[in-house]
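protein.cif follows (mmCIF, C-alpha atoms (C1' of nucleotides)):
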data_entry
#
loop_
_atom_site.group_PDB
_atom_site.id
_atom_site.type_symbol
_atom_site.label_atom_id
_atom_site.label_comp_id
_atom_site.auth_asym_id
_atom_site.auth_seq_id
_atom_site.Cartn_x
_atom_site.Cartn_y
_atom_site.Cartn_z
ATOM 1 C CA MET A 15 28.879 5.852 17.500
ATOM 2 C CA LEU A 16 25.565 4.401 16.466
ATOM 3 C CA PHE A 17 26.987 0.975 15.797
ATOM 4 C CA ASP A 18 29.906 -0.740 17.348
ATOM 5 C CA GLU A 19 31.254 -3.099 14.714
ATOM 6 C CA ASN A 20 32.112 -5.637 17.413
ATOM 7 C CA ASP A 21 28.665 -5.892 18.940
ATOM 8 C CA LYS A 22 26.764 -8.763 17.507
ATOM 9 C CA SER A 23 23.237 -7.656 18.275
ATOM 10 C CA TYR A 24 21.214 -4.527 18.673
ATOM 11 C CA PRO A 25 18.029 -3.700 20.565
ATOM 12 C CA ILE A 26 14.961 -2.636 18.695
ATOM 13 C CA GLU A 27 15.119 1.044 19.591
ATOM 14 C CA LEU A 28 18.606 1.401 18.178
ATOM 15 C CA VAL A 29 17.636 -0.336 14.942
ATOM 16 C CA ALA A 30 14.529 1.772 14.610
ATOM 17 C CA GLU A 31 16.537 4.935 15.079
ATOM 18 C CA PHE A 32 19.086 3.780 12.523
ATOM 19 C CA LEU A 33 16.387 3.046 9.959
ATOM 20 C CA GLY A 34 14.497 6.212 10.809
ATOM 21 C CA VAL A 35 11.306 4.440 11.737
ATOM 22 C CA ASN A 36 9.177 3.883 14.765
ATOM 23 C CA SER A 37 10.035 0.713 16.648
ATOM 24 C CA ARG A 38 6.403 -0.173 16.194
ATOM 25 C CA THR A 39 7.171 -0.503 12.488
ATOM 26 C CA LEU A 40 9.634 -3.276 13.241
ATOM 27 C CA TYR A 41 6.982 -5.204 15.129
ATOM 28 C CA TYR A 42 4.806 -4.613 12.106
ATOM 29 C CA TYR A 43 7.375 -6.128 9.744
ATOM 30 C CA GLU A 44 7.761 -9.054 12.094
ATOM 31 C CA LYS A 45 4.066 -9.795 11.937
ATOM 32 C CA PHE A 46 4.536 -10.122 8.179
ATOM 33 C CA ARG A 47 7.318 -12.598 8.948
ATOM 34 C CA LEU A 48 9.779 -10.409 7.155
ATOM 35 C CA VAL A 49 12.343 -10.407 9.931
ATOM 36 C CA TYR A 50 13.221 -12.702 12.836
ATOM 37 C CA PRO A 51 15.223 -10.917 15.519
ATOM 38 C CA MET A 52 16.843 -13.123 18.122
ATOM 39 C CA ARG A 53 15.091 -13.174 21.497
ATOM 40 C CA ARG A 54 16.959 -13.101 24.745
ATOM 41 C CA GLY A 55 14.132 -13.521 27.154
ATOM 42 C CA ARG A 56 11.359 -11.475 25.660
ATOM 43 C CA LYS A 57 13.683 -8.811 24.375
ATOM 44 C CA ARG A 58 14.555 -8.572 20.690
ATOM 45 C CA TYR A 59 18.051 -8.333 19.334
ATOM 46 C CA TYR A 60 18.738 -7.677 15.669
ATOM 47 C CA SER A 61 21.869 -8.966 13.967
ATOM 48 C CA LYS A 62 23.802 -6.976 11.389
ATOM 49 C CA ALA A 63 22.334 -9.260 8.734
ATOM 50 C CA ASP A 64 18.864 -8.432 10.009
ATOM 51 C CA ILE A 65 19.628 -4.763 9.735
ATOM 52 C CA ARG A 66 21.084 -5.027 6.246
ATOM 53 C CA TRP A 67 18.031 -6.974 5.159
ATOM 54 C CA LEU A 68 15.650 -4.417 6.644
ATOM 55 C CA LYS A 69 17.524 -1.651 4.928
ATOM 56 C CA TYR A 70 17.419 -3.412 1.579
ATOM 57 C CA MET A 71 13.757 -4.206 2.062
ATOM 58 C CA ARG A 72 12.988 -0.566 2.589
ATOM 59 C CA GLU A 73 14.960 0.347 -0.497
ATOM 60 C CA LEU A 74 12.792 -2.006 -2.499
ATOM 61 C CA MET A 75 9.788 -0.243 -1.056
ATOM 62 C CA TYR A 76 10.822 3.369 -1.307
ATOM 63 C CA GLU A 77 13.096 3.351 -4.315
ATOM 64 C CA GLU A 78 11.532 0.578 -6.388
ATOM 65 C CA GLY A 79 7.937 1.022 -5.276
ATOM 66 C CA MET A 80 7.356 -2.528 -4.153
ATOM 67 C CA ASN A 81 4.871 -3.374 -1.437
ATOM 68 C CA LEU A 82 5.401 -5.681 1.511
ATOM 69 C CA LYS A 83 3.426 -8.582 0.138
ATOM 70 C CA SER A 84 5.459 -8.529 -3.042
ATOM 71 C CA ILE A 85 8.644 -8.598 -1.052
ATOM 72 C CA ILE A 86 7.404 -11.664 0.775
ATOM 73 C CA ILE A 87 6.674 -13.227 -2.589
ATOM 74 C CA LEU A 88 10.079 -12.206 -3.874
ATOM 75 C CA ILE A 89 11.597 -14.168 -1.023
ATOM 76 C CA LYS A 90 9.359 -17.172 -1.557
ATOM 77 C CA ARG A 91 10.158 -17.211 -5.250
ATOM 78 C CA ARG A 92 13.585 -18.464 -4.327
ATOM 79 C CA ASP A 93 11.563 -21.575 -3.736
ATOM 80 C CA ASN A 94 9.697 -21.073 -6.973
ATOM 81 C CA VAL A 95 6.324 -20.518 -5.440
ATOM 82 C CA VAL A 96 5.143 -17.712 -7.642
ATOM 83 C CA LEU A 97 6.325 -18.853 -11.031
ATOM 84 C CA GLY A 98 5.268 -22.339 -10.057
ATOM 85 C CA LYS A 99 1.729 -21.081 -10.132
ATOM 86 C CA CYS A 100 2.223 -19.335 -13.448
ATOM 87 C CA PRO A 101 1.064 -21.421 -16.415
ATOM 88 C CA ASP A 102 3.842 -22.310 -18.853
ATOM 89 C CA ASP A 103 2.401 -20.505 -21.800
ATOM 90 C CA VAL A 104 2.185 -17.358 -19.726
ATOM 91 C CA VAL A 105 5.800 -17.730 -18.715
ATOM 92 C CA ASN A 106 6.768 -17.960 -22.355
ATOM 93 C CA CYS A 107 4.622 -14.974 -23.024
ATOM 94 C CA PHE A 108 6.793 -12.984 -20.604
ATOM 95 C CA LYS A 109 9.615 -13.166 -23.076
ATOM 96 C CA ASN A 110 7.725 -11.121 -25.607
ATOM 97 C CA TYR A 111 7.157 -8.406 -23.056
ATOM 98 C CA LEU A 112 10.800 -8.457 -22.111
ATOM 99 C CA MET A 113 11.697 -7.356 -25.614
ATOM 100 C CA HIS A 114 9.701 -4.199 -25.180
ATOM 101 C CA ILE A 115 11.223 -3.149 -21.903
ATOM 102 C CA ARG A 116 14.393 -1.192 -21.698
ATOM 103 C CA HIS A 117 16.601 -1.633 -18.718
ATOM 104 C CA MET B 9 -20.133 -15.931 -27.325
ATOM 105 C CA LEU B 10 -17.680 -13.578 -25.737
ATOM 106 C CA PHE B 11 -14.675 -15.013 -27.508
ATOM 107 C CA ASP B 12 -14.446 -16.770 -30.799
ATOM 108 C CA GLU B 13 -11.512 -19.139 -30.525
ATOM 109 C CA ASN B 14 -10.634 -18.485 -34.165
ATOM 110 C CA ASP B 15 -10.391 -14.748 -33.921
ATOM 111 C CA LYS B 16 -6.863 -13.669 -33.374
ATOM 112 C CA SER B 17 -7.408 -10.293 -31.805
ATOM 113 C CA TYR B 18 -9.943 -8.465 -29.679
ATOM 114 C CA PRO B 19 -10.830 -4.809 -29.315
ATOM 115 C CA ILE B 20 -10.336 -3.090 -25.999
ATOM 116 C CA GLU B 21 -13.982 -2.976 -24.961
ATOM 117 C CA LEU B 22 -14.371 -6.714 -25.287
ATOM 118 C CA VAL B 23 -11.225 -7.373 -23.276
ATOM 119 C CA ALA B 24 -12.305 -4.916 -20.627
ATOM 120 C CA GLU B 25 -15.662 -6.600 -20.334
ATOM 121 C CA PHE B 26 -14.046 -10.023 -20.123
ATOM 122 C CA LEU B 27 -11.739 -8.882 -17.332
ATOM 123 C CA GLY B 28 -14.490 -6.971 -15.605
ATOM 124 C CA VAL B 29 -12.705 -3.648 -15.740
ATOM 125 C CA ASN B 30 -13.150 -0.278 -17.345
ATOM 126 C CA SER B 31 -11.362 0.025 -20.659
ATOM 127 C CA ARG B 32 -9.631 2.998 -19.106
ATOM 128 C CA THR B 33 -7.875 0.534 -16.835
ATOM 129 C CA LEU B 34 -6.290 -1.122 -19.845
ATOM 130 C CA TYR B 35 -4.885 2.200 -21.011
ATOM 131 C CA TYR B 36 -3.664 2.595 -17.468
ATOM 132 C CA TYR B 37 -1.802 -0.738 -17.584
ATOM 133 C CA GLU B 38 -0.352 0.202 -20.916
ATOM 134 C CA LYS B 39 1.104 3.379 -19.514
ATOM 135 C CA PHE B 40 2.957 1.154 -17.046
ATOM 136 C CA ARG B 41 4.204 -0.797 -20.071
ATOM 137 C CA LEU B 42 2.589 -3.925 -18.763
ATOM 138 C CA VAL B 43 0.865 -4.771 -22.003
ATOM 139 C CA TYR B 44 1.411 -4.024 -25.686
ATOM 140 C CA PRO B 45 -1.735 -4.531 -27.738
ATOM 141 C CA MET B 46 -1.302 -4.575 -31.473
ATOM 142 C CA ARG B 47 -2.374 -1.370 -33.253
ATOM 143 C CA ARG B 48 -4.271 -1.387 -36.466
ATOM 144 C CA GLY B 49 -4.371 2.286 -37.221
ATOM 145 C CA ARG B 50 -4.873 3.881 -33.864
ATOM 146 C CA LYS B 51 -7.147 1.124 -32.670
ATOM 147 C CA ARG B 52 -5.937 -1.492 -30.201
ATOM 148 C CA TYR B 53 -6.277 -5.226 -30.632
ATOM 149 C CA TYR B 54 -5.385 -7.644 -27.874
ATOM 150 C CA SER B 55 -4.159 -11.169 -28.598
ATOM 151 C CA LYS B 56 -5.139 -14.188 -26.554
ATOM 152 C CA ALA B 57 -1.680 -14.127 -24.988
ATOM 153 C CA ASP B 58 -2.244 -10.507 -24.018
ATOM 154 C CA ILE B 59 -5.489 -11.476 -22.373
ATOM 155 C CA ARG B 60 -4.006 -14.435 -20.527
ATOM 156 C CA TRP B 61 -1.212 -12.232 -19.289
ATOM 157 C CA LEU B 62 -3.611 -9.544 -18.124
ATOM 158 C CA LYS B 63 -5.653 -12.135 -16.317
ATOM 159 C CA TYR B 64 -2.615 -13.593 -14.594
ATOM 160 C CA MET B 65 -1.415 -10.113 -13.711
ATOM 161 C CA ARG B 66 -4.661 -9.351 -12.008
ATOM 162 C CA GLU B 67 -4.511 -12.616 -10.104
ATOM 163 C CA LEU B 68 -1.136 -11.587 -8.777
ATOM 164 C CA MET B 69 -2.700 -8.331 -7.676
ATOM 165 C CA TYR B 70 -5.958 -9.491 -6.210
ATOM 166 C CA GLU B 71 -5.081 -12.946 -4.946
ATOM 167 C CA GLU B 72 -1.448 -12.460 -4.028
ATOM 168 C CA GLY B 73 -1.591 -8.805 -3.060
ATOM 169 C CA MET B 74 1.148 -7.604 -5.367
ATOM 170 C CA ASN B 75 1.165 -4.075 -6.743
ATOM 171 C CA LEU B 76 1.812 -3.024 -10.308
ATOM 172 C CA LYS B 77 5.355 -1.827 -9.777
ATOM 173 C CA SER B 78 6.266 -5.152 -8.232
ATOM 174 C CA ILE B 79 4.838 -6.982 -11.179
ATOM 175 C CA ILE B 80 6.970 -4.900 -13.479
ATOM 176 C CA ILE B 81 9.955 -5.809 -11.363
ATOM 177 C CA LEU B 82 8.937 -9.455 -11.392
ATOM 178 C CA ILE B 83 9.107 -9.359 -15.160
ATOM 179 C CA LYS B 84 12.399 -7.544 -15.246
ATOM 180 C CA ARG B 85 13.861 -10.007 -12.807
ATOM 181 C CA ARG B 86 13.848 -12.502 -15.586
ATOM 182 C CA ASP B 87 16.761 -10.355 -16.652
ATOM 183 C CA ASN B 88 18.121 -10.294 -13.129
ATOM 184 C CA VAL B 89 17.667 -6.605 -12.563
ATOM 185 C CA VAL B 90 16.457 -6.716 -9.014
ATOM 186 C CA LEU B 91 18.690 -9.339 -7.542
ATOM 187 C CA GLY B 92 21.514 -7.834 -9.514
ATOM 188 C CA LYS B 93 21.174 -4.789 -7.300
ATOM 189 C CA CYS B 94 20.972 -6.877 -4.191
ATOM 190 C CA PRO B 95 24.311 -7.253 -2.406
ATOM 191 C CA ASP B 96 25.555 -10.850 -2.244
ATOM 192 C CA ASP B 97 25.578 -11.083 1.498
ATOM 193 C CA VAL B 98 21.969 -10.010 1.570
ATOM 194 C CA VAL B 99 21.089 -12.653 -0.988
ATOM 195 C CA ASN B 100 22.697 -15.267 1.224
ATOM 196 C CA CYS B 101 20.829 -13.836 4.117
ATOM 197 C CA PHE B 102 17.570 -14.624 2.324
ATOM 198 C CA LYS B 103 18.236 -18.297 2.838
ATOM 199 C CA ASN B 104 17.936 -17.926 6.578
ATOM 200 C CA TYR B 105 14.585 -16.279 6.205
ATOM 201 C CA LEU B 106 13.437 -18.994 3.850
ATOM 202 C CA MET B 107 13.833 -21.538 6.611
ATOM 203 C CA HIS B 108 11.335 -19.685 8.740
ATOM 204 C CA ILE B 109 8.645 -19.470 6.125
ATOM 205 C CA ARG B 110 6.198 -22.245 5.511
ATOM 206 C CA HIS B 111 4.820 -22.627 2.084
ATOM 207 C "C1'" DA C 19 -18.912 16.281 -41.052
ATOM 208 C "C1'" DA C 20 -19.843 12.427 -38.205
ATOM 209 C "C1'" DC C 21 -18.269 8.801 -35.567
ATOM 210 C "C1'" DA C 22 -15.382 6.107 -32.605
ATOM 211 C "C1'" DT C 23 -11.399 5.637 -30.092
ATOM 212 C "C1'" DT C 24 -7.821 7.658 -27.585
ATOM 213 C "C1'" DT C 25 -5.701 10.911 -24.476
ATOM 214 C "C1'" DT C 26 -5.673 14.035 -20.752
ATOM 215 C "C1'" DT C 27 -7.111 15.964 -16.519
ATOM 216 C "C1'" DA C 28 -8.551 15.627 -12.334
ATOM 217 C "C1'" DC C 29 -11.167 13.204 -9.186
ATOM 218 C "C1'" DT C 30 -12.771 9.063 -6.029
ATOM 219 C "C1'" DT C 31 -12.120 5.109 -3.643
ATOM 220 C "C1'" DT C 32 -9.667 1.954 -1.155
ATOM 221 C "C1'" DA C 33 -6.252 -0.193 1.395
ATOM 222 C "C1'" DA C 34 -1.422 -0.384 2.672
ATOM 223 C "C1'" DA C 35 1.898 1.454 5.740
ATOM 224 C "C1'" DG C 36 2.865 3.383 9.690
ATOM 225 C "C1'" DT C 37 2.064 5.197 14.272
ATOM 226 C "C1'" DG C 38 0.159 6.775 19.157
ATOM 227 C "C1'" DA C 39 -1.418 5.528 23.349
ATOM 228 C "C1'" DA C 40 -3.096 2.506 26.611
ATOM 229 C "C1'" DA C 41 -3.087 -2.179 28.375
ATOM 230 C "C1'" DA C 42 -0.722 -6.281 29.290
ATOM 231 C "C1'" DA C 43 3.204 -8.875 30.246
ATOM 232 C "C1'" DT C 44 7.640 -9.749 31.991
ATOM 233 C "C1'" DA C 45 11.785 -8.926 34.295
ATOM 234 C "C1'" DA C 46 14.409 -6.399 37.658
ATOM 235 C "C1'" DA C 47 14.874 -3.866 42.007
ATOM 236 C "C1'" DT C 48 13.954 -2.908 46.647
ATOM 237 C "C1'" DA D 26 6.190 -10.051 47.647
ATOM 238 C "C1'" DT D 27 5.358 -5.693 46.004
ATOM 239 C "C1'" DT D 28 6.715 -2.062 43.347
ATOM 240 C "C1'" DT D 29 9.068 -0.094 39.474
ATOM 241 C "C1'" DA D 30 10.706 -0.048 34.978
ATOM 242 C "C1'" DT D 31 10.879 -1.757 30.369
ATOM 243 C "C1'" DT D 32 9.309 -4.071 26.501
ATOM 244 C "C1'" DT D 33 5.645 -6.033 24.043
ATOM 245 C "C1'" DT D 34 1.019 -6.278 22.433
ATOM 246 C "C1'" DT D 35 -3.391 -4.651 21.107
ATOM 247 C "C1'" DC D 36 -6.553 -1.418 19.290
ATOM 248 C "C1'" DA D 37 -7.803 2.083 16.788
ATOM 249 C "C1'" DC D 38 -6.534 5.850 14.210
ATOM 250 C "C1'" DT D 39 -3.968 8.793 10.487
ATOM 251 C "C1'" DT D 40 -1.688 9.429 6.486
ATOM 252 C "C1'" DT D 41 -0.538 8.533 1.993
ATOM 253 C "C1'" DA D 42 -0.510 6.817 -2.429
ATOM 254 C "C1'" DA D 43 -1.941 3.223 -5.557
ATOM 255 C "C1'" DA D 44 -5.601 1.804 -8.472
ATOM 256 C "C1'" DG D 45 -9.207 2.843 -10.972
ATOM 257 C "C1'" DT D 46 -12.579 5.780 -13.244
ATOM 258 C "C1'" DA D 47 -15.633 9.808 -15.219
ATOM 259 C "C1'" DA D 48 -15.879 13.384 -18.250
ATOM 260 C "C1'" DA D 49 -14.066 16.429 -21.523
ATOM 261 C "C1'" DA D 50 -10.876 17.364 -25.160
ATOM 262 C "C1'" DA D 51 -8.288 15.715 -28.902
ATOM 263 C "C1'" DT D 52 -7.398 12.905 -32.696
ATOM 264 C "C1'" DG D 53 -7.830 9.971 -36.346
ATOM 265 C "C1'" DT D 54 -11.094 7.310 -39.846
ATOM 266 C "C1'" DT D 55 -14.479 6.736 -43.047
#

Starting from the file, give its structure as structure tokens.
Amino acid sequence: MLFDENDKSYPIELVAEFLGVNSRTLYYYEKFRLVYPMRRGRKRYYSKADIRWLKYMRELMYEEGMNLKSIIILIKRRDNVVLGKCPDDVVNCFKNYLMHIRH
Amino acid sequence: MLFDENDKSYPIELVAEFLGVNSRTLYYYEKFRLVYPMRRGRKRYYSKADIRWLKYMRELMYEEGMNLKSIIILIKRRDNVVLGKCPDDVVNCFKNYLMHIRH
DNA sequence: AACATTTTTACTTTAAAGTGAAAAATAAAT
DNA sequence: ATTTATTTTTCACTTTAAAGTAAAAATGTT
């Protein structure tokens, strides 16, 4: 009965419990601008999308070994920030490395 | 006189000195499959592209705050490995977050 | 055999990630 | 309006692991 599919938002404590973290951790993520819960008054409410995102984010961290800053960059890259900074010849150089990596 | 533009490959000690790291660090990167120096016998020779890549890699680490595993993933993503794992609705959800982030 | 490079082992350093507890802030209740 | 309760914020601390390195052992080259 953790989540009622019809509810559209969840308070921080419930989300923290669901993710198995301290609610303080969610404030921490917010400071990194990694999540934007809705505010009703001063209280935070997380949408299902928020929760899915947090869960995926933590998978990237604990299954893929990424760190928070990289995840931020991963998001920004959808606006081409990181590769924008990467010189062209280095980008091309990536392709050589790709050949060596098995997926 | 660190680098002769006409030379096509550089031994590990020279590269380490240029990057300001211990040569052991370059072995370390290699174990992560982040670089593939050419081998003549058992000895390693790094190309200019290798060196540029290493330099860029370290910028990502020390200026952007990325970790090695994330850099590996960044490379692989050119083959869509990471976002391939990411559920579509989460990908769409990224767009909302993008709006909140200033570049 | 002598030399140089590599590999392995285990260690050090450093900072990220997370958290506890108290203080501050805000809303609700009486 | 004052008190009570709840959430947020701040500060400082702990834990953990990534990143890097030193030293010794192994290996290949000449």

Give as a VMD selection string the set of residues within 10 Å of the point (-6.3, -12.5, -24.7), where distances use the file's coordinates and only C-alpha atoms (C1' of nucleotides).
chain B and resid 11 16 to 18 22 to 23 26 to 27 45 53 to 63

Check: which chain D residues lie within 10 Å of chain B using only C-alpha atoms (C1' of nucleotides), as JSON, numbers by chain
{"D": [43, 44, 45, 46, 47, 52, 53, 54]}

Using all atoms listed in the file, determine which residues lie at most 8 Å from B:Leu68, disregarding the query and same-chain residues fewer than 5 positions distant; provide the list as a ChimeraX atom specification.
/B:73-74,79

Return as a PDB file with C-alpha atoms (C1' of nucleotides), keeping the file's coordinate frame the set of residues that the PyMOL selection byres ((chain D and resi 28) around 12) yields on the displayed structure.
ATOM      1  C1'  DA C  46      14.409  -6.399  37.658  1.00  0.00           C
ATOM      2  C1'  DA C  47      14.874  -3.866  42.007  1.00  0.00           C
ATOM      3  C1'  DT C  48      13.954  -2.908  46.647  1.00  0.00           C
TER       4       DT C  48
ATOM      5  C1'  DA D  26       6.190 -10.051  47.647  1.00  0.00           C
ATOM      6  C1'  DT D  27       5.358  -5.693  46.004  1.00  0.00           C
ATOM      7  C1'  DT D  29       9.068  -0.094  39.474  1.00  0.00           C
ATOM      8  C1'  DA D  30      10.706  -0.048  34.978  1.00  0.00           C
TER       9       DA D  30
END

Check every residue of chain C for an atom within 12 Å of chain B, counting all atoms listed in the file, and provide those that qualify as a PyMOL selection string.
chain C and resi 22-26+33-34

As an exercise, work out the distance from atom CA of B:Ile83 to atom CA of B:Val43 in Å and give it to one decimal place.
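Here the two named atoms are 11.7 Å from each other.
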
Kindly give the distance, in Å, that separates atom CA of A:Glu78 and atom CA of B:Ser78, rounded to a single decimal.
8.0 Å

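Separating atom CA of B:Tyr64 from atom CA of A:Leu88 is a distance of 16.7 Å.
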
List the neighbours of A:Ile86 out to 9 Å using all atoms listed in the file; skip same-chain residues closer than 6 positions along the sequence, and give me the result as a list of chain:residue names.
A:Phe46, A:Arg47, A:Leu48

Around stretch 36-47 of chain C, with edges along x, y and z and 5 Å added on all six sides, what centre and edge lengths do you get, in Å to one decimal, as JSON?
{"center_x": 5.9, "center_y": -1.5, "center_z": 25.8, "size_x": 28.0, "size_y": 26.5, "size_z": 42.3}

What does the PyMOL selection byres ((chain D and resi 34-36) around 8) select in this file, as a compact mmCIF listing (two decimals) with C-alpha atoms (C1' of nucleotides), in the frame of the given file?
# COMPACT_ATOMS: atom_id res chain seq x y z
C1' DA C 41 -3.09 -2.18 28.38
C1' DA C 42 -0.72 -6.28 29.29
C1' DT D 33 5.64 -6.03 24.04
C1' DA D 37 -7.80 2.08 16.79
